[in-house]
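Notes for the one structure printed next.
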Amino acid sequence: MELAVRAAAAASCSSGASLQLPRARAPLRLLGRRRLPARRVAVEAAAIAVEPESKVPQSNNSEAEVFACPVCYEPLIRKGPSGINLPSIYRSGFKCSKCNKSFTSKDIFLDLTVTSGTKEYSELKPARTELFRSPLVSFLYERGWRQNFNRSGFPGLDEEFQMAQDYFQSVAGGVLLDVSCGSGLFTRKFAKSGSYSAVIALDFSENMLRQCYEFIQQDDTLVNTNLALVRADISRLPFASSSIDAIHAGAAIHCWPSPSNAVAEISRVLRPGGVFVATTFLSSPRNNPFSVEALRPLRQIVGPVNTSYNYFTEGELEDLCKSCGLVNYSSKVQRSFIMFSGQKP
């Protein structure tokens with residue numbers, strides 16, 4: 001077993017070091033499979049014809065116009081081909097129209113973190129966040145790690161995907177953001193469904209995004225889709241306000257350093273009518289031996305008294321969504337598994 005793990009780590013590291021970047025190719029079509037109104041088609045056709053460098057209007061919510069500076073949330077100036085797809089983003093440079101901070105597609109993803117481009121500064125996130133930045137964990141996540149979630153009641157990838165799709169029916173045809181995407185388990189399913197004009201896979205882990213890219217390259221049906229990889233902080237989403245139609249967070253919220261800040265950011269970037277869907281583990285004796293009631297007095301005195309992950313009750317999750325301005329909360333529970341949803345009014 002030890003030899004197998006070492007082999008997996010070596011394979012992960014070597015694959016990350018030898019990744020082949022996308023070849024330069026002509027900008028891919030911006031529109032998804034859904035037929036769009038003639039007026040919108042004309043607007044997007046005009047956008048393609050402009051000069052290579054143009055300021056992205058904050059009020060334009062087309063799929064190529066959603067990126068914003070993570071420092072000041074101002075629109076980005078883009079130099080390069082238009083479109084949300086791997087080749088065009090890799091060939092583009094981005095600069096904030098206000099603070100002039102530059103962003104590039106380092107590796108095979110667009111790095112839109114606040115610390116992007118820093119040379120001396122570095123910081124560590126909580127252990128539960130740093131764990132998933134590990135090359136080994138990133139390599140193993142889709143090769144056995146995620147499959148073990150069924151022990152806690154997770155129904156399985158196909159069923160979870162269909163459940164999420166049911167929640168997203170009202171925003172079909174829009175831009176979907178898959179936050180904490182990991183190796184892209186659900187990203188690929190959303191992209192292949194043809195239900196969205198563009199899919200953006202977002203994660204803080206560089207190695208998870210590299211794994212995501214590798215899996216995409218193995219599927220010929222995904223190479224020419226409107227699919228992008230972005231590195232960003234869930235608590236500092238690099239998107240214009242009211243620019244995203246659908247946001248999915250699969251088995252992620254319990255790993256976030258500040259779930260309240262993250263859900264507030266999700267609410268900010270969702271357009272009116274936009275939908276947020278997430279899954280996580282409910283607080284239970286299996287993953288949290290102390291009840292919420294028993295821990296609450298201690299939390300008030302010494303802060304979080306829990307394991308390294310944030311496990312919540314269903315009532316806490318509903319309260320969190322409502323406090324961040326989301327409405328129409330609903331959920332589905334199976335043992336320790338919960339899928340919940342909220343909508344931007």
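Identifiers in this document derive from the order of the structure tokens: chains are assigned A, B, ..., residues are numbered from 1 separately in each chain, and ligands are numbered from 1 in order of occurrence.
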- prompt: Which neighbours of region 265-274 of chain A fall inside 7 Å, counting only C-alpha atoms, when residues of the same chain fewer than 4 positions from it are skipped, and could you give them as a ChimeraX atom specification?
  reply: /A:171,235-237,239-246,261,324-326,343-345
Mind writing the picked residues with all heavy atoms as a tab-separated table (two decimals), in the first residue's frame?
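Below is the file part00.tsv, written as the result:
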```tsv
chain	number	residue	atom	x	y	z
A	171	VAL	N	-32.53	28.40	-14.48
A	171	VAL	CA	-31.42	29.22	-14.97
A	171	VAL	C	-30.68	28.53	-16.12
A	171	VAL	O	-29.54	28.89	-16.43
A	171	VAL	CB	-30.44	29.58	-13.83
A	171	VAL	CG1	-31.08	30.54	-12.86
A	171	VAL	CG2	-29.96	28.32	-13.11
A	235	SER	N	-13.94	33.24	-0.69
A	235	SER	CA	-14.38	34.41	0.06
A	235	SER	C	-14.04	35.72	-0.65
A	235	SER	O	-14.24	36.81	-0.09
A	235	SER	CB	-13.75	34.42	1.47
A	235	SER	OG	-14.23	33.33	2.23
A	236	ARG	N	-13.53	35.63	-1.87
A	236	ARG	CA	-13.19	36.83	-2.64
A	236	ARG	C	-13.36	36.50	-4.12
A	236	ARG	O	-12.40	36.47	-4.89
A	236	ARG	CB	-11.74	37.25	-2.34
A	236	ARG	CG	-11.42	38.69	-2.73
A	236	ARG	CD	-11.99	39.68	-1.75
A	236	ARG	NE	-11.73	41.05	-2.19
A	236	ARG	CZ	-12.18	42.13	-1.56
A	236	ARG	NH1	-12.93	41.99	-0.48
A	236	ARG	NH2	-11.91	43.33	-2.01
A	237	LEU	N	-14.59	36.26	-4.51
A	237	LEU	CA	-14.86	35.78	-5.86
A	237	LEU	C	-14.57	36.87	-6.90
A	237	LEU	O	-15.10	37.99	-6.78
A	237	LEU	CB	-16.32	35.32	-5.97
A	237	LEU	CG	-16.67	34.06	-5.17
A	237	LEU	CD1	-18.16	33.76	-5.27
A	237	LEU	CD2	-15.85	32.87	-5.64
A	239	PHE	N	-15.62	38.07	-9.68
A	239	PHE	CA	-16.69	38.24	-10.66
A	239	PHE	C	-17.49	39.50	-10.34
A	239	PHE	O	-17.61	39.90	-9.18
A	239	PHE	CB	-17.62	37.02	-10.67
A	239	PHE	CG	-16.90	35.74	-10.96
A	239	PHE	CD1	-16.55	34.88	-9.93
A	239	PHE	CD2	-16.56	35.40	-12.25
A	239	PHE	CE1	-15.86	33.70	-10.18
A	239	PHE	CE2	-15.87	34.22	-12.52
A	239	PHE	CZ	-15.53	33.37	-11.48
A	240	ALA	N	-18.02	40.10	-11.38
A	240	ALA	CA	-18.84	41.28	-11.20
A	240	ALA	C	-20.10	40.92	-10.43
A	240	ALA	O	-20.60	39.79	-10.50
A	240	ALA	CB	-19.20	41.86	-12.57
A	241	SER	N	-20.63	41.85	-9.69
A	241	SER	CA	-21.88	41.62	-8.96
A	241	SER	C	-23.01	41.34	-9.95
A	241	SER	O	-23.06	41.92	-11.04
A	241	SER	CB	-22.24	42.84	-8.11
A	241	SER	OG	-21.25	43.07	-7.12
A	242	SER	N	-23.87	40.41	-9.58
A	242	SER	CA	-25.04	40.05	-10.40
A	242	SER	C	-24.64	39.60	-11.80
A	242	SER	O	-25.22	40.03	-12.80
A	242	SER	CB	-26.02	41.23	-10.47
A	242	SER	OG	-26.44	41.64	-9.19
A	243	SER	N	-23.61	38.73	-11.89
A	243	SER	CA	-23.11	38.30	-13.20
A	243	SER	C	-23.24	36.81	-13.46
A	243	SER	O	-23.07	36.37	-14.59
A	243	SER	CB	-21.64	38.71	-13.35
A	243	SER	OG	-20.84	38.05	-12.39
A	244	ILE	N	-23.54	36.02	-12.42
A	244	ILE	CA	-23.55	34.56	-12.55
A	244	ILE	C	-24.98	34.04	-12.36
A	244	ILE	O	-25.70	34.48	-11.46
A	244	ILE	CB	-22.62	33.91	-11.51
A	244	ILE	CG1	-21.20	34.46	-11.64
A	244	ILE	CG2	-22.62	32.39	-11.65
A	244	ILE	CD1	-20.51	34.13	-12.94
A	245	ASP	N	-25.37	33.07	-13.17
A	245	ASP	CA	-26.72	32.53	-13.11
A	245	ASP	C	-26.87	31.36	-12.15
A	245	ASP	O	-27.91	31.22	-11.49
A	245	ASP	CB	-27.15	32.06	-14.52
A	245	ASP	CG	-27.13	33.19	-15.52
A	245	ASP	OD1	-28.14	33.92	-15.61
A	245	ASP	OD2	-26.11	33.36	-16.22
A	246	ALA	N	-25.86	30.51	-12.07
A	246	ALA	CA	-25.94	29.30	-11.25
A	246	ALA	C	-24.60	29.06	-10.57
A	246	ALA	O	-23.54	29.20	-11.19
A	246	ALA	CB	-26.32	28.10	-12.11
A	261	ASN	N	-18.68	34.23	5.03
A	261	ASN	CA	-18.12	35.13	4.02
A	261	ASN	C	-18.30	34.57	2.62
A	261	ASN	O	-18.58	35.31	1.67
A	261	ASN	CB	-16.63	35.37	4.29
A	261	ASN	CG	-16.37	36.26	5.49
A	261	ASN	OD1	-17.28	36.93	5.97
A	261	ASN	ND2	-15.15	36.27	5.98
A	324	CYS	N	-27.64	35.77	4.34
A	324	CYS	CA	-26.87	36.30	3.21
A	324	CYS	C	-27.78	36.76	2.07
A	324	CYS	O	-27.30	37.04	0.96
A	324	CYS	CB	-25.89	35.26	2.71
A	324	CYS	SG	-24.56	34.90	3.89
A	325	GLY	N	-29.07	36.84	2.33
A	325	GLY	CA	-29.99	37.41	1.36
A	325	GLY	C	-30.60	36.44	0.37
A	325	GLY	O	-31.25	36.87	-0.59
A	326	LEU	N	-30.41	35.14	0.59
A	326	LEU	CA	-31.00	34.15	-0.32
A	326	LEU	C	-32.40	33.75	0.16
A	326	LEU	O	-32.66	33.72	1.35
A	326	LEU	CB	-30.10	32.91	-0.41
A	326	LEU	CG	-28.67	33.15	-0.92
A	326	LEU	CD1	-27.88	31.85	-0.93
A	326	LEU	CD2	-28.69	33.79	-2.31
A	343	GLN	N	-32.02	31.01	-3.51
A	343	GLN	CA	-32.14	31.80	-4.73
A	343	GLN	C	-31.97	33.27	-4.42
A	343	GLN	O	-32.38	33.77	-3.37
A	343	GLN	CB	-33.51	31.56	-5.37
A	343	GLN	CG	-33.68	32.19	-6.75
A	343	GLN	CD	-34.98	31.76	-7.41
A	343	GLN	OE1	-35.99	31.52	-6.73
A	343	GLN	NE2	-34.98	31.65	-8.73
A	344	LYS	N	-31.32	33.98	-5.34
A	344	LYS	CA	-31.15	35.43	-5.19
A	344	LYS	C	-32.46	36.12	-5.60
A	344	LYS	O	-32.95	35.92	-6.71
A	344	LYS	CB	-30.01	35.90	-6.10
A	344	LYS	CG	-29.69	37.40	-6.01
A	344	LYS	CD	-28.98	37.73	-4.73
A	344	LYS	CE	-28.47	39.17	-4.74
A	344	LYS	NZ	-27.36	39.36	-5.69
A	345	PRO	N	-33.04	36.92	-4.71
A	345	PRO	CA	-34.32	37.57	-5.05
A	345	PRO	C	-34.15	38.64	-6.12
A	345	PRO	O	-33.05	39.13	-6.37
A	345	PRO	CB	-34.74	38.19	-3.71
A	345	PRO	CG	-33.47	38.37	-2.94
A	345	PRO	CD	-32.58	37.25	-3.37
```
- request: Within 7 Å of region 308-312 of chain A, counting only C-alpha atoms, which residues show up once you throw out same-chain ones fewer than 2 positions away? Write them as a PyMOL selection string, please.
  value: chain A and resi 128+254-255+281-283+306+314+316-317
- prompt: Restricting the calculation to only C-alpha atoms, which member of A:Ala228, A:Val66, A:Leu136, A:Lys95 is positioned closest to Gly117 (chain A)?
  reply: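 That would be A:Lys95, the residue with the smallest distance to Gly117 (chain A).
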Interatomic distance, CA of Ile216 (chain A) to CA of Asn148 (chain A) (Å, one decimal):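 Distance between the two atoms: 22.9 Å.
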query: Which residues come within 6 Å of region 220-227 of chain A, counting only C-alpha atoms, excluding same-chain residues fewer than 5 positions away, as a list in words?
result: Ile84, Asn85, Ala198, Val199 and Ile200 of chain A
Save the residues we just selected, C-alpha atoms, as a PDB file, in the first residue's frame?
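Now in part.pdb:
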```pdb
ATOM      1  CA  ILE A  84     -14.692  31.566 -21.918  1.00  0.00           C
ATOM      2  CA  ASN A  85     -12.709  28.549 -23.063  1.00  0.00           C
ATOM      3  CA  ALA A 198     -20.475  28.579 -20.183  1.00  0.00           C
ATOM      4  CA  VAL A 199     -19.113  26.638 -17.203  1.00  0.00           C
ATOM      5  CA  ILE A 200     -16.363  28.025 -14.962  1.00  0.00           C
TER       6      ILE A 200
END
```
- prompt: DSSP on the backbone: what in region 102-187 of chain A comes out alpha helix (DSSP H), as a ChimeraX atom specification?
  reply: /A:127-131,135-140,157-167,185-187
List the spatial neighbours of region 111-115 of chain A as a compact mmCIF listing (two decimals) with N, CA, C and O atoms, in the first residue's frame - criterion: any atom at most 10 Å away, only C-alpha atoms, same-chain residues fewer than 3 positions off excluded.
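Everything below was put into result-v5.txt:
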```txt
# COMPACT_ATOMS: atom_id res chain seq x y z
N PHE A 67 -15.57 38.37 -15.55
CA PHE A 67 -14.41 38.46 -14.67
C PHE A 67 -14.22 39.87 -14.13
O PHE A 67 -14.38 40.86 -14.83
N ALA A 68 -13.84 39.93 -12.84
CA ALA A 68 -13.58 41.21 -12.19
C ALA A 68 -12.35 41.08 -11.30
O ALA A 68 -11.93 39.98 -10.95
N CYS A 69 -11.78 42.19 -10.93
CA CYS A 69 -10.59 42.21 -10.07
C CYS A 69 -10.96 41.73 -8.66
O CYS A 69 -11.92 42.24 -8.08
N PRO A 70 -10.21 40.79 -8.07
CA PRO A 70 -10.52 40.33 -6.72
C PRO A 70 -10.15 41.34 -5.64
O PRO A 70 -10.55 41.18 -4.49
N VAL A 71 -9.41 42.37 -6.01
CA VAL A 71 -9.02 43.39 -5.04
C VAL A 71 -10.10 44.46 -4.91
O VAL A 71 -10.54 44.81 -3.81
N CYS A 72 -10.55 45.00 -6.06
CA CYS A 72 -11.52 46.11 -6.02
C CYS A 72 -12.81 45.83 -6.77
O CYS A 72 -13.68 46.70 -6.83
N PHE A 94 -5.06 39.86 -18.57
CA PHE A 94 -6.13 40.64 -17.93
C PHE A 94 -5.50 41.68 -17.01
O PHE A 94 -4.50 41.41 -16.33
N LYS A 101 -3.76 46.06 -11.50
CA LYS A 101 -3.18 44.75 -11.19
C LYS A 101 -3.39 43.83 -12.38
O LYS A 101 -4.46 43.80 -12.98
N SER A 102 -2.34 43.08 -12.74
CA SER A 102 -2.39 42.20 -13.90
C SER A 102 -2.61 40.75 -13.48
O SER A 102 -2.17 40.32 -12.41
N PHE A 103 -3.27 40.01 -14.35
CA PHE A 103 -3.54 38.59 -14.12
C PHE A 103 -3.26 37.82 -15.40
O PHE A 103 -3.60 38.28 -16.49
N THR A 104 -2.65 36.65 -15.26
CA THR A 104 -2.34 35.83 -16.42
C THR A 104 -2.75 34.39 -16.17
O THR A 104 -3.05 33.98 -15.04
N SER A 105 -2.78 33.62 -17.25
CA SER A 105 -3.11 32.20 -17.15
C SER A 105 -1.85 31.41 -16.81
O SER A 105 -1.27 30.73 -17.65
N LYS A 106 -1.42 31.51 -15.59
CA LYS A 106 -0.28 30.73 -15.13
C LYS A 106 -0.67 29.26 -15.18
O LYS A 106 -1.74 28.87 -14.76
N ASP A 107 0.22 28.44 -15.70
CA ASP A 107 -0.07 27.03 -15.88
C ASP A 107 -1.21 26.91 -16.88
O ASP A 107 -1.16 27.48 -17.96
N ILE A 108 -2.27 26.22 -16.51
CA ILE A 108 -3.39 26.03 -17.43
C ILE A 108 -4.68 26.62 -16.85
O ILE A 108 -5.76 26.32 -17.32
N THR A 118 2.47 37.78 -6.72
CA THR A 118 3.38 38.13 -5.65
C THR A 118 4.66 37.30 -5.73
O THR A 118 4.63 36.14 -6.13
N LYS A 119 5.78 37.88 -5.33
CA LYS A 119 7.07 37.19 -5.42
C LYS A 119 7.61 36.79 -4.05
O LYS A 119 8.27 35.76 -3.92
N TYR A 121 5.67 37.42 -0.85
CA TYR A 121 4.63 37.15 0.15
C TYR A 121 4.03 35.75 -0.03
O TYR A 121 3.83 35.28 -1.15
N SER A 122 3.74 35.09 1.08
CA SER A 122 3.04 33.81 1.06
C SER A 122 2.26 33.68 2.35
O SER A 122 2.61 34.27 3.38
N GLU A 123 1.17 32.92 2.31
CA GLU A 123 0.38 32.70 3.50
C GLU A 123 -0.22 31.32 3.46
O GLU A 123 -0.45 30.74 2.39
N LEU A 202 -13.86 26.56 -10.58
CA LEU A 202 -13.08 27.42 -9.68
C LEU A 202 -12.62 26.63 -8.46
O LEU A 202 -13.41 25.91 -7.84
N ASP A 203 -11.36 26.79 -8.11
CA ASP A 203 -10.83 26.16 -6.91
C ASP A 203 -9.63 26.96 -6.43
O ASP A 203 -8.99 27.66 -7.24
N PHE A 204 -9.31 26.86 -5.14
CA PHE A 204 -8.13 27.53 -4.61
C PHE A 204 -6.88 26.68 -4.80
O PHE A 204 -5.76 27.20 -4.83
N GLU A 206 -4.15 24.74 -6.66
CA GLU A 206 -3.51 24.67 -7.96
C GLU A 206 -3.49 23.23 -8.49
O GLU A 206 -3.73 22.97 -9.67
N LEU A 229 -10.99 27.32 -16.45
CA LEU A 229 -10.45 26.98 -15.14
C LEU A 229 -9.91 28.24 -14.48
O LEU A 229 -9.09 28.95 -15.07
N VAL A 230 -10.37 28.51 -13.26
CA VAL A 230 -9.98 29.74 -12.56
C VAL A 230 -9.56 29.40 -11.14
O VAL A 230 -10.25 28.66 -10.43
N ARG A 231 -8.43 29.95 -10.73
CA ARG A 231 -8.02 29.83 -9.33
C ARG A 231 -8.48 31.08 -8.60
O ARG A 231 -8.18 32.21 -9.02
N ALA A 232 -9.20 30.89 -7.50
CA ALA A 232 -9.71 32.04 -6.75
C ALA A 232 -10.06 31.61 -5.34
O ALA A 232 -10.21 30.42 -5.04
N ASP A 233 -10.21 32.60 -4.48
CA ASP A 233 -10.61 32.40 -3.08
C ASP A 233 -12.13 32.46 -3.01
O ASP A 233 -12.74 33.41 -3.51
N ILE A 234 -12.75 31.47 -2.39
CA ILE A 234 -14.21 31.44 -2.30
C ILE A 234 -14.75 32.64 -1.54
O ILE A 234 -15.90 33.06 -1.75
N ARG A 236 -13.53 35.63 -1.87
CA ARG A 236 -13.19 36.83 -2.64
C ARG A 236 -13.36 36.50 -4.12
O ARG A 236 -12.40 36.47 -4.89
N LEU A 237 -14.59 36.26 -4.51
CA LEU A 237 -14.86 35.78 -5.86
C LEU A 237 -14.57 36.87 -6.90
O LEU A 237 -15.10 37.99 -6.78
N PRO A 238 -13.79 36.57 -7.93
CA PRO A 238 -13.39 37.57 -8.92
C PRO A 238 -14.40 37.72 -10.06
O PRO A 238 -14.09 37.56 -11.24
N PHE A 239 -15.62 38.07 -9.68
CA PHE A 239 -16.69 38.24 -10.66
C PHE A 239 -17.49 39.50 -10.34
O PHE A 239 -17.61 39.90 -9.18
```
